[in-house]
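Next comes data-v6.cif, with mmCIF, C-alpha atoms.
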```
data_model
loop_
_atom_site.label_atom_id
_atom_site.label_comp_id
_atom_site.auth_asym_id
_atom_site.auth_seq_id
_atom_site.Cartn_x
_atom_site.Cartn_y
_atom_site.Cartn_z
CA MET A 1 47.23 -123.50 -12.11
CA LYS A 2 44.59 -123.10 -9.46
CA LYS A 3 47.29 -122.74 -6.82
CA ASN A 4 48.93 -119.93 -8.79
CA THR A 5 45.60 -118.15 -9.23
CA LEU A 6 44.88 -118.41 -5.50
CA PHE A 7 48.34 -117.08 -4.68
CA VAL A 8 47.87 -114.06 -6.94
CA PHE A 9 44.41 -113.39 -5.42
CA ILE A 10 45.82 -113.46 -1.87
CA LEU A 11 48.70 -111.18 -2.93
CA ILE A 12 46.28 -108.60 -4.39
CA ILE A 13 44.22 -108.55 -1.16
CA ALA A 14 47.37 -108.12 0.94
CA LEU A 15 48.62 -105.21 -1.19
CA ALA A 16 45.22 -103.53 -1.02
CA ALA A 17 45.21 -103.79 2.78
CA LEU A 18 48.70 -102.30 3.01
CA SER A 19 47.67 -99.45 0.73
CA ALA A 20 44.64 -98.67 2.92
CA CYS A 21 46.80 -98.62 6.04
CA GLY A 22 49.19 -96.21 4.34
CA ASN A 23 46.37 -93.69 3.87
CA LYS A 24 45.59 -93.47 7.59
CA PRO A 25 47.07 -90.56 9.57
CA GLU A 26 49.98 -91.42 11.77
CA SER A 27 49.27 -91.98 15.42
CA GLY A 28 49.05 -88.68 17.29
CA ALA A 29 48.24 -86.51 14.24
CA THR A 30 45.84 -83.62 14.91
CA PRO A 31 43.15 -82.77 12.36
CA SER A 32 43.43 -79.16 11.20
CA PRO A 33 40.33 -76.92 11.01
CA GLU A 34 40.34 -77.51 7.25
CA GLY A 35 40.03 -81.27 7.80
CA GLY A 36 43.65 -82.16 6.98
CA THR A 37 46.22 -83.57 9.33
CA GLY A 38 49.35 -82.25 10.88
CA SER A 39 52.11 -83.54 13.08
CA GLY A 40 51.77 -83.22 16.81
CA ASN A 41 54.59 -80.61 16.82
CA ALA A 42 52.96 -78.24 14.32
CA PRO A 43 51.02 -75.26 15.75
CA LYS A 44 47.29 -75.85 15.93
CA GLU A 45 45.60 -73.65 13.37
CA VAL A 46 43.09 -71.15 14.76
CA THR A 47 41.18 -68.20 13.34
CA LEU A 48 41.43 -64.89 15.19
CA LYS A 49 38.65 -62.38 14.42
CA VAL A 50 39.68 -58.78 15.04
CA GLY A 51 37.55 -55.67 14.53
CA ALA A 52 39.33 -52.53 13.36
CA SER A 53 38.97 -49.08 11.86
CA ALA A 54 40.01 -49.07 8.20
CA VAL A 55 42.94 -46.65 8.58
CA PRO A 56 45.46 -47.18 10.03
CA HIS A 57 44.37 -50.10 12.22
CA ALA A 58 43.28 -52.58 9.55
CA GLU A 59 46.33 -51.68 7.45
CA ILE A 60 48.67 -52.38 10.35
CA LEU A 61 46.91 -55.68 11.05
CA GLU A 62 47.22 -56.71 7.40
CA SER A 63 50.98 -56.20 7.64
CA VAL A 64 51.31 -59.05 10.19
CA LYS A 65 48.94 -61.56 8.58
CA ASP A 66 51.69 -63.66 6.99
CA LYS A 67 53.73 -63.75 10.19
CA LEU A 68 50.75 -64.96 12.19
CA LYS A 69 49.81 -67.49 9.51
CA ALA A 70 53.25 -69.07 9.88
CA GLU A 71 52.52 -69.38 13.61
CA GLY A 72 49.21 -71.14 13.06
CA VAL A 73 46.94 -68.09 13.40
CA THR A 74 44.65 -67.05 10.56
CA LEU A 75 43.93 -63.36 11.13
CA GLU A 76 40.45 -62.30 10.01
CA VAL A 77 40.06 -58.51 10.01
CA LYS A 78 36.56 -57.00 10.13
CA VAL A 79 36.45 -53.29 9.30
CA PHE A 80 34.10 -50.94 11.17
CA THR A 81 33.21 -47.31 10.50
CA ASP A 82 32.07 -46.44 14.03
CA TYR A 83 33.35 -46.67 17.61
CA ILE A 84 30.44 -48.60 19.16
CA LEU A 85 30.01 -51.87 17.27
CA PRO A 86 33.63 -53.08 17.60
CA ASN A 87 33.30 -53.09 21.39
CA THR A 88 29.73 -54.40 21.38
CA GLN A 89 30.64 -57.34 19.16
CA LEU A 90 33.78 -58.05 21.19
CA SER A 91 31.73 -58.15 24.37
CA GLU A 92 29.20 -60.47 22.70
CA LYS A 93 32.04 -62.79 21.56
CA GLN A 94 31.45 -62.15 17.87
CA LEU A 95 35.05 -60.88 17.84
CA ASP A 96 38.15 -62.12 19.64
CA ALA A 97 39.78 -58.68 19.86
CA ASN A 98 39.60 -55.21 18.39
CA PHE A 99 41.99 -52.44 17.41
CA PHE A 100 40.62 -48.91 17.07
CA GLN A 101 40.58 -47.17 20.45
CA HIS A 102 42.70 -45.70 23.22
CA GLN A 103 42.49 -46.53 26.92
CA PRO A 104 40.42 -43.48 28.01
CA TYR A 105 37.77 -44.37 25.45
CA LEU A 106 37.74 -48.00 26.55
CA ASP A 107 37.46 -46.98 30.21
CA GLN A 108 34.49 -44.74 29.44
CA PHE A 109 32.81 -47.43 27.32
CA ASN A 110 33.17 -50.02 30.09
CA LYS A 111 31.73 -47.54 32.57
CA ASP A 112 28.77 -46.59 30.36
CA LYS A 113 27.93 -50.05 29.04
CA GLY A 114 28.85 -52.25 32.00
CA THR A 115 31.31 -54.25 29.90
CA LYS A 116 34.62 -55.70 31.07
CA LEU A 117 36.85 -55.26 28.07
CA THR A 118 40.56 -54.91 28.69
CA SER A 119 43.77 -53.81 27.00
CA VAL A 120 46.26 -56.42 25.82
CA GLY A 121 48.91 -53.89 24.80
CA GLY A 122 49.60 -50.61 23.01
CA VAL A 123 50.62 -50.22 19.37
CA HIS A 124 50.63 -46.59 18.21
CA ILE A 125 49.62 -43.01 18.90
CA GLU A 126 47.41 -41.01 16.55
CA PRO A 127 48.04 -37.32 17.30
CA PHE A 128 44.68 -35.54 17.44
CA GLY A 129 44.44 -32.43 15.26
CA GLY A 130 42.40 -29.35 14.35
CA TYR A 131 41.55 -28.97 10.64
CA SER A 132 39.99 -26.26 8.51
CA ARG A 133 39.24 -25.56 4.85
CA LYS A 134 38.36 -21.94 5.59
CA VAL A 135 41.35 -20.59 7.48
CA LYS A 136 45.11 -21.14 7.37
CA SER A 137 45.91 -20.41 11.02
CA VAL A 138 44.31 -20.19 14.45
CA ASP A 139 44.57 -16.37 14.34
CA GLU A 140 42.23 -16.29 11.32
CA ILE A 141 39.37 -18.03 13.13
CA LYS A 142 36.47 -15.55 13.26
CA ASP A 143 34.33 -14.53 16.20
CA GLY A 144 31.26 -16.74 16.48
CA ALA A 145 32.83 -19.49 14.35
CA THR A 146 31.47 -23.02 14.62
CA VAL A 147 33.93 -25.63 15.90
CA ALA A 148 33.03 -29.31 15.54
CA ILE A 149 34.30 -31.85 18.05
CA PRO A 150 33.59 -35.58 18.69
CA ASN A 151 30.46 -36.28 20.72
CA ASP A 152 31.87 -39.18 22.77
CA PRO A 153 33.12 -38.11 26.22
CA SER A 154 36.75 -39.18 25.97
CA ASN A 155 37.45 -37.70 22.54
CA GLY A 156 35.28 -34.66 23.22
CA GLY A 157 37.30 -33.86 26.33
CA ARG A 158 40.50 -34.46 24.40
CA ALA A 159 39.37 -32.00 21.70
CA LEU A 160 38.52 -29.31 24.25
CA ALA A 161 41.90 -29.76 25.95
CA LEU A 162 43.60 -29.26 22.59
CA LEU A 163 41.52 -26.14 21.92
CA GLU A 164 42.67 -24.80 25.26
CA LYS A 165 46.30 -25.62 24.49
CA SER A 166 45.91 -23.73 21.21
CA GLY A 167 44.70 -20.63 23.09
CA LEU A 168 41.14 -20.62 21.78
CA ILE A 169 39.33 -21.35 25.06
CA LYS A 170 39.98 -21.87 28.75
CA LEU A 171 38.57 -24.73 30.80
CA LYS A 172 37.71 -25.07 34.46
CA GLU A 173 40.92 -25.71 36.35
CA GLY A 174 41.73 -29.38 36.83
CA VAL A 175 39.28 -30.92 34.34
CA GLY A 176 42.04 -31.84 31.89
CA VAL A 177 40.83 -34.17 29.14
CA SER A 178 37.62 -34.92 31.05
CA GLY A 179 36.10 -31.54 30.32
CA THR A 180 32.83 -30.85 28.57
CA ALA A 181 31.47 -27.73 26.86
CA LYS A 182 29.97 -26.77 30.25
CA ASP A 183 33.50 -26.53 31.67
CA ILE A 184 34.52 -23.72 29.32
CA THR A 185 35.26 -20.68 31.49
CA GLU A 186 36.64 -18.38 28.81
CA ASN A 187 35.63 -18.19 25.13
CA LYS A 188 36.82 -14.81 23.82
CA LYS A 189 35.86 -15.58 20.22
CA ASN A 190 32.42 -16.88 21.22
CA LEU A 191 33.07 -20.14 19.44
CA LYS A 192 30.03 -22.34 18.93
CA ILE A 193 30.91 -25.89 19.93
CA LYS A 194 29.10 -28.48 17.80
CA GLU A 195 29.29 -32.11 18.94
CA LEU A 196 29.09 -34.75 16.21
CA GLU A 197 29.85 -38.44 15.78
CA ALA A 198 33.61 -38.77 15.24
CA ALA A 199 33.25 -40.43 11.83
CA MET A 200 31.18 -37.48 10.57
CA LEU A 201 33.75 -34.78 11.30
CA PRO A 202 35.73 -34.88 8.04
CA ARG A 203 32.46 -34.59 6.11
CA VAL A 204 31.52 -31.28 7.73
CA LEU A 205 34.81 -29.47 7.06
CA ASP A 206 33.12 -27.34 4.39
CA GLU A 207 30.35 -26.39 6.81
CA VAL A 208 32.33 -25.39 9.89
CA GLU A 209 35.35 -23.20 10.46
CA LEU A 210 37.27 -25.77 12.46
CA ALA A 211 36.92 -29.48 13.20
CA LEU A 212 38.84 -31.56 15.74
CA ILE A 213 39.31 -34.93 14.03
CA ASN A 214 40.71 -38.28 15.14
CA THR A 215 43.68 -39.19 12.97
CA ASN A 216 42.20 -42.43 11.65
CA TYR A 217 39.23 -40.52 10.21
CA ALA A 218 41.51 -37.75 8.96
CA LEU A 219 43.59 -40.30 7.06
CA GLU A 220 40.48 -41.92 5.58
CA ALA A 221 39.49 -38.46 4.30
CA LYS A 222 42.93 -38.14 2.60
CA LEU A 223 44.10 -35.50 5.06
CA VAL A 224 47.76 -35.59 6.08
CA PRO A 225 47.82 -34.74 9.80
CA ALA A 226 51.48 -33.75 9.91
CA LYS A 227 50.89 -31.26 7.07
CA ASP A 228 47.19 -30.33 7.01
CA ALA A 229 46.39 -29.82 10.70
CA LEU A 230 46.38 -26.23 11.99
CA PHE A 231 47.51 -27.66 15.33
CA ILE A 232 48.12 -31.18 16.54
CA GLU A 233 49.06 -33.13 19.67
CA ASP A 234 52.73 -33.89 20.17
CA LYS A 235 54.33 -37.29 20.73
CA ASN A 236 53.68 -37.06 24.48
CA SER A 237 49.98 -37.75 23.97
CA PRO A 238 48.67 -40.33 26.48
CA TYR A 239 46.21 -41.72 23.94
CA VAL A 240 47.95 -44.91 22.84
CA ASN A 241 45.81 -47.06 20.55
CA ILE A 242 45.47 -50.55 21.99
CA ILE A 243 44.53 -54.11 21.18
CA ALA A 244 41.48 -54.84 23.34
CA SER A 245 40.00 -58.19 24.29
CA ARG A 246 37.85 -59.70 27.03
CA GLU A 247 38.96 -60.82 30.47
CA ASP A 248 38.21 -64.42 29.51
CA ASN A 249 40.50 -64.48 26.46
CA LYS A 250 43.18 -61.81 26.98
CA ASN A 251 45.76 -64.51 27.74
CA ALA A 252 44.70 -66.80 24.90
CA GLU A 253 47.69 -67.93 22.85
CA ALA A 254 46.40 -66.45 19.59
CA VAL A 255 45.70 -63.05 21.18
CA GLN A 256 49.17 -62.99 22.73
CA LYS A 257 50.72 -63.93 19.39
CA LEU A 258 48.88 -60.99 17.83
CA ILE A 259 50.22 -58.35 20.22
CA LYS A 260 53.70 -59.86 20.04
CA ALA A 261 53.61 -59.70 16.23
CA LEU A 262 52.50 -56.04 16.34
CA GLN A 263 55.18 -54.89 18.80
CA THR A 264 58.16 -55.64 16.57
CA PRO A 265 60.84 -53.57 14.79
CA GLU A 266 59.25 -54.58 11.48
CA VAL A 267 55.88 -53.07 12.41
CA LYS A 268 57.58 -49.98 13.84
CA LYS A 269 59.32 -49.44 10.49
CA PHE A 270 56.05 -50.11 8.62
CA ILE A 271 54.29 -47.39 10.64
CA GLU A 272 57.11 -44.88 10.27
CA ASP A 273 57.53 -45.45 6.52
CA LYS A 274 53.83 -45.54 5.62
CA TYR A 275 52.45 -42.72 7.76
CA GLN A 276 55.40 -40.31 7.83
CA GLY A 277 54.79 -38.94 11.32
CA SER A 278 51.00 -38.90 11.17
CA ILE A 279 51.06 -42.13 13.20
CA ILE A 280 53.70 -42.73 15.85
CA PRO A 281 54.77 -46.18 17.18
CA ALA A 282 54.14 -46.53 20.91
CA PHE A 283 56.52 -49.40 21.68
#
```

How does the structure come out when it is put into structure tokens?
Amino acid sequence: MKKNTLFVFILIIALAALSACGNKPESGATPSPEGGTGSGNAPKEVTLKVGASAVPHAEILESVKDKLKAEGVTLEVKVFTDYILPNTQLSEKQLDANFFQHQPYLDQFNKDKGTKLTSVGGVHIEPFGGYSRKVKSVDEIKDGATVAIPNDPSNGGRALALLEKSGLIKLKEGVGVSGTAKDITENKKNLKIKELEAAMLPRVLDEVELALINTNYALEAKLVPAKDALFIEDKNSPYVNIIASREDNKNAEAVQKLIKALQTPEVKKFIEDKYQGSIIPAF
């Protein structure tokens, strides 16, 4: 009897030991960020923090979240309403990348702020347009009318170049999109150029005769660039919106997976279907 009891006791201990061993991760398993385990062949899970304007940038990013998740990248999108903080926080490593700007703006920001942010790749073009709630055509713009343009150098110069192309002003020869109000050489209608923060422009449409507005802010204000703009850039615009990162992480696997996911036929179709010509794929 005692022998049988001892045998059962030893058997229970042995089974308990085997059970404990079975709960240990297999050799070579890598803990995930959530504290679980995965096989050595599964992609290591990482979180990628990307700053973006709400429309269309954040919307485009949201469209690739599931694809990136399947590749081990959790995309965390932080929405901004201005053009300064996304670059500042990227430079300070609070973000891994951002998506809101074109190359001329990034170049000017780096020059002004001493940062070394860089493009990873282009995604789309947002044709810049002139909008009005007071007139239906350029010919109706009155003498002495107030025209609002962005106050940052790259978009301000872009706005003036578009005003010139529309026949409203003439700029000093050769300044191109780098012009400022001081470079206006001909202003037959005596237009008053008012420089404002880009995000403010849709809000002053009732106060000015004409406003030159970046497409992302136009879309946020429920304007339809292809229909509502008095005049607009064509598809040959050089202002491709880019994914930006830092020199130290531009080749990081997660960042490269992001740009690869964005430059696909699926995203091209998403842009074309959702924005109906107001946003144009650049790949």

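Ranking A:Thr115, A:Thr47, A:Thr146, A:Asn87 by their shortest atom-to-atom distance to Lys134 in chain A, with all atoms listed in the file included, puts A:Thr146 first.
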
Residues matched by the PyMOL selection byres ((chain A and resi 89-100) around 10), written as a compact mmCIF listing (two decimals) with C-alpha atoms, keeping the file's coordinate frame:
```
# COMPACT_ATOMS: atom_id res chain seq x y z
CA THR A 47 41.18 -68.20 13.34
CA LEU A 48 41.43 -64.89 15.19
CA LYS A 49 38.65 -62.38 14.42
CA VAL A 50 39.68 -58.78 15.04
CA GLY A 51 37.55 -55.67 14.53
CA ALA A 52 39.33 -52.53 13.36
CA SER A 53 38.97 -49.08 11.86
CA ALA A 54 40.01 -49.07 8.20
CA VAL A 55 42.94 -46.65 8.58
CA PRO A 56 45.46 -47.18 10.03
CA HIS A 57 44.37 -50.10 12.22
CA ALA A 58 43.28 -52.58 9.55
CA ILE A 60 48.67 -52.38 10.35
CA LEU A 61 46.91 -55.68 11.05
CA GLU A 76 40.45 -62.30 10.01
CA VAL A 77 40.06 -58.51 10.01
CA LYS A 78 36.56 -57.00 10.13
CA VAL A 79 36.45 -53.29 9.30
CA PHE A 80 34.10 -50.94 11.17
CA ASP A 82 32.07 -46.44 14.03
CA TYR A 83 33.35 -46.67 17.61
CA ILE A 84 30.44 -48.60 19.16
CA LEU A 85 30.01 -51.87 17.27
CA PRO A 86 33.63 -53.08 17.60
CA ASN A 87 33.30 -53.09 21.39
CA THR A 88 29.73 -54.40 21.38
CA GLN A 101 40.58 -47.17 20.45
CA HIS A 102 42.70 -45.70 23.22
CA TYR A 105 37.77 -44.37 25.45
CA LEU A 106 37.74 -48.00 26.55
CA THR A 115 31.31 -54.25 29.90
CA LYS A 116 34.62 -55.70 31.07
CA LEU A 117 36.85 -55.26 28.07
CA THR A 118 40.56 -54.91 28.69
CA SER A 119 43.77 -53.81 27.00
CA VAL A 120 46.26 -56.42 25.82
CA GLY A 122 49.60 -50.61 23.01
CA VAL A 123 50.62 -50.22 19.37
CA ASN A 216 42.20 -42.43 11.65
CA ASN A 241 45.81 -47.06 20.55
CA ILE A 242 45.47 -50.55 21.99
CA ILE A 243 44.53 -54.11 21.18
CA ALA A 244 41.48 -54.84 23.34
CA SER A 245 40.00 -58.19 24.29
CA ARG A 246 37.85 -59.70 27.03
CA GLU A 247 38.96 -60.82 30.47
CA ASN A 249 40.50 -64.48 26.46
CA LYS A 250 43.18 -61.81 26.98
CA ALA A 252 44.70 -66.80 24.90
CA ALA A 254 46.40 -66.45 19.59
CA VAL A 255 45.70 -63.05 21.18
CA LEU A 258 48.88 -60.99 17.83
```

Residues matched by the PyMOL selection byres ((chain A and resi 211) around 8) as a list in words: Gly130, Tyr131, Ser132, Val147, Ala148, Ile149, Leu201, Pro202, Val204, Leu205, Val208, Glu209, Leu210, Leu212 and Ile213 of chain A

Counting all atoms listed in the file, which residues of range 97-197 of chain A sit at most 12 Å from some atom of range 269-272 of chain A, and what is each one's closest atom pair with its distance in Å to one decimal, listed by chain and rising residue number, as CSV?
```
residue,atom,partner,partner_atom,distance
A:Val123,CA,A:Ile271,CA,9.9
A:His124,CA,A:Ile271,CA,8.4
A:Ile125,CA,A:Ile271,CA,10.5
A:Glu126,CA,A:Ile271,CA,11.1
```

Excluding Lys69 in chain A and its own-chain neighbours fewer than 2 positions away, which residues fall within 12 Å of it when counting only C-alpha atoms? Please give them as a list in words.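 Residues near the query, excluding close chain neighbours: Pro43, Lys44, Glu45, Val46, Thr47, Leu48, Glu62, Ser63, Val64, Lys65, Asp66, Lys67, Glu71, Gly72, Val73, Thr74, Leu75, Glu76, Ala254, Lys257, Leu258 and Ala261 of chain A.
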
d(CA of Asn236 in chain A, CA of Ile259 in chain A) in Å: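 CA of Ile259 in chain A lies 22.0 Å from CA of Asn236 in chain A.
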
Which polymer residues have any atom within 12 Å of an atom of range 171-184 of chain A, counting all atoms listed in the file, with same-chain residues fewer than 2 positions away left out, as a compact mmCIF listing (two decimals) with C-alpha atoms, in the frame of the given file?
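Output file part-v3.txt follows:
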```
# COMPACT_ATOMS: atom_id res chain seq x y z
CA PRO A 104 40.42 -43.48 28.01
CA TYR A 105 37.77 -44.37 25.45
CA GLN A 108 34.49 -44.74 29.44
CA VAL A 147 33.93 -25.63 15.90
CA ALA A 148 33.03 -29.31 15.54
CA ILE A 149 34.30 -31.85 18.05
CA PRO A 150 33.59 -35.58 18.69
CA ASN A 151 30.46 -36.28 20.72
CA ASP A 152 31.87 -39.18 22.77
CA PRO A 153 33.12 -38.11 26.22
CA SER A 154 36.75 -39.18 25.97
CA ASN A 155 37.45 -37.70 22.54
CA GLY A 156 35.28 -34.66 23.22
CA GLY A 157 37.30 -33.86 26.33
CA ARG A 158 40.50 -34.46 24.40
CA ALA A 159 39.37 -32.00 21.70
CA LEU A 160 38.52 -29.31 24.25
CA ALA A 161 41.90 -29.76 25.95
CA LEU A 162 43.60 -29.26 22.59
CA LEU A 163 41.52 -26.14 21.92
CA GLU A 164 42.67 -24.80 25.26
CA LYS A 165 46.30 -25.62 24.49
CA GLY A 167 44.70 -20.63 23.09
CA LEU A 168 41.14 -20.62 21.78
CA ILE A 169 39.33 -21.35 25.06
CA GLU A 186 36.64 -18.38 28.81
CA ASN A 187 35.63 -18.19 25.13
CA LYS A 188 36.82 -14.81 23.82
CA ASN A 190 32.42 -16.88 21.22
CA LEU A 191 33.07 -20.14 19.44
CA LYS A 192 30.03 -22.34 18.93
CA ILE A 193 30.91 -25.89 19.93
CA LYS A 194 29.10 -28.48 17.80
CA GLU A 195 29.29 -32.11 18.94
CA SER A 237 49.98 -37.75 23.97
CA PRO A 238 48.67 -40.33 26.48
CA TYR A 239 46.21 -41.72 23.94
```

Mind rebuilding range 41-64 of chain A with N, CA, C and O atoms and writing that out as an mmCIF file, in the frame of the given file?
```cif
data_model
loop_
_atom_site.group_PDB
_atom_site.id
_atom_site.type_symbol
_atom_site.label_atom_id
_atom_site.label_comp_id
_atom_site.auth_asym_id
_atom_site.auth_seq_id
_atom_site.Cartn_x
_atom_site.Cartn_y
_atom_site.Cartn_z
ATOM 1 N N ASN A 41 53.729 -81.734 16.481
ATOM 2 C CA ASN A 41 54.590 -80.610 16.820
ATOM 3 C C ASN A 41 54.191 -79.327 16.096
ATOM 4 O O ASN A 41 54.659 -78.253 16.427
ATOM 5 N N ALA A 42 53.366 -79.424 15.069
ATOM 6 C CA ALA A 42 52.960 -78.240 14.320
ATOM 7 C C ALA A 42 51.943 -77.433 15.133
ATOM 8 O O ALA A 42 51.158 -77.992 15.882
ATOM 9 N N PRO A 43 51.982 -76.067 15.003
ATOM 10 C CA PRO A 43 51.020 -75.260 15.750
ATOM 11 C C PRO A 43 49.592 -75.538 15.308
ATOM 12 O O PRO A 43 49.334 -75.697 14.111
ATOM 13 N N LYS A 44 48.695 -75.624 16.250
ATOM 14 C CA LYS A 44 47.290 -75.850 15.930
ATOM 15 C C LYS A 44 46.740 -74.606 15.243
ATOM 16 O O LYS A 44 46.913 -73.487 15.727
ATOM 17 N N GLU A 45 46.096 -74.783 14.129
ATOM 18 C CA GLU A 45 45.600 -73.650 13.370
ATOM 19 C C GLU A 45 44.308 -73.110 13.989
ATOM 20 O O GLU A 45 43.374 -73.861 14.255
ATOM 21 N N VAL A 46 44.278 -71.800 14.201
ATOM 22 C CA VAL A 46 43.090 -71.150 14.760
ATOM 23 C C VAL A 46 42.805 -69.883 13.949
ATOM 24 O O VAL A 46 43.704 -69.315 13.323
ATOM 25 N N THR A 47 41.560 -69.452 13.981
ATOM 26 C CA THR A 47 41.180 -68.200 13.340
ATOM 27 C C THR A 47 40.943 -67.145 14.404
ATOM 28 O O THR A 47 40.231 -67.393 15.383
ATOM 29 N N LEU A 48 41.562 -65.991 14.243
ATOM 30 C CA LEU A 48 41.430 -64.890 15.190
ATOM 31 C C LEU A 48 40.678 -63.751 14.504
ATOM 32 O O LEU A 48 41.161 -63.178 13.533
ATOM 33 N N LYS A 49 39.481 -63.429 15.016
ATOM 34 C CA LYS A 49 38.650 -62.380 14.420
ATOM 35 C C LYS A 49 38.874 -61.065 15.167
ATOM 36 O O LYS A 49 38.622 -60.971 16.369
ATOM 37 N N VAL A 50 39.343 -60.065 14.431
ATOM 38 C CA VAL A 50 39.680 -58.780 15.040
ATOM 39 C C VAL A 50 38.953 -57.657 14.325
ATOM 40 O O VAL A 50 39.046 -57.517 13.100
ATOM 41 N N GLY A 51 38.224 -56.845 15.081
ATOM 42 C CA GLY A 51 37.550 -55.670 14.530
ATOM 43 C C GLY A 51 38.502 -54.496 14.505
ATOM 44 O O GLY A 51 39.321 -54.344 15.408
ATOM 45 N N ALA A 52 38.399 -53.649 13.472
ATOM 46 C CA ALA A 52 39.330 -52.530 13.360
ATOM 47 C C ALA A 52 38.753 -51.403 12.523
ATOM 48 O O ALA A 52 37.897 -51.624 11.659
ATOM 49 N N SER A 53 39.236 -50.183 12.772
ATOM 50 C CA SER A 53 38.970 -49.080 11.860
ATOM 51 C C SER A 53 39.809 -49.305 10.606
ATOM 52 O O SER A 53 40.884 -49.907 10.672
ATOM 53 N N ALA A 54 39.331 -48.794 9.475
ATOM 54 C CA ALA A 54 40.010 -49.070 8.200
ATOM 55 C C ALA A 54 41.439 -48.547 8.176
ATOM 56 O O ALA A 54 42.370 -49.256 7.772
ATOM 57 N N VAL A 55 41.621 -47.298 8.605
ATOM 58 C CA VAL A 55 42.940 -46.650 8.580
ATOM 59 C C VAL A 55 43.217 -46.056 9.946
ATOM 60 O O VAL A 55 42.383 -45.345 10.494
ATOM 61 N N PRO A 56 44.389 -46.316 10.520
ATOM 62 C CA PRO A 56 45.460 -47.180 10.030
ATOM 63 C C PRO A 56 45.371 -48.611 10.573
ATOM 64 O O PRO A 56 46.175 -49.460 10.217
ATOM 65 N N HIS A 57 44.398 -48.851 11.455
ATOM 66 C CA HIS A 57 44.370 -50.100 12.220
ATOM 67 C C HIS A 57 44.337 -51.353 11.349
ATOM 68 O O HIS A 57 45.143 -52.277 11.536
ATOM 69 N N ALA A 58 43.385 -51.402 10.407
ATOM 70 C CA ALA A 58 43.280 -52.580 9.550
ATOM 71 C C ALA A 58 44.541 -52.742 8.691
ATOM 72 O O ALA A 58 45.000 -53.859 8.444
ATOM 73 N N GLU A 59 45.112 -51.625 8.257
ATOM 74 C CA GLU A 59 46.330 -51.680 7.450
ATOM 75 C C GLU A 59 47.498 -52.259 8.244
ATOM 76 O O GLU A 59 48.294 -53.053 7.732
ATOM 77 N N ILE A 60 47.600 -51.864 9.495
ATOM 78 C CA ILE A 60 48.670 -52.380 10.350
ATOM 79 C C ILE A 60 48.458 -53.877 10.602
ATOM 80 O O ILE A 60 49.411 -54.668 10.572
ATOM 81 N N LEU A 61 47.216 -54.267 10.838
ATOM 82 C CA LEU A 61 46.910 -55.680 11.050
ATOM 83 C C LEU A 61 47.254 -56.513 9.807
ATOM 84 O O LEU A 61 47.812 -57.608 9.914
ATOM 85 N N GLU A 62 46.932 -55.987 8.647
ATOM 86 C CA GLU A 62 47.220 -56.710 7.400
ATOM 87 C C GLU A 62 48.717 -56.964 7.255
ATOM 88 O O GLU A 62 49.127 -57.972 6.679
ATOM 89 N N SER A 63 49.525 -56.065 7.799
ATOM 90 C CA SER A 63 50.980 -56.200 7.640
ATOM 91 C C SER A 63 51.553 -57.380 8.435
ATOM 92 O O SER A 63 52.694 -57.794 8.175
ATOM 93 N N VAL A 64 50.795 -57.920 9.395
ATOM 94 C CA VAL A 64 51.310 -59.050 10.190
ATOM 95 C C VAL A 64 50.581 -60.354 9.889
ATOM 96 O O VAL A 64 50.820 -61.362 10.557
#
```
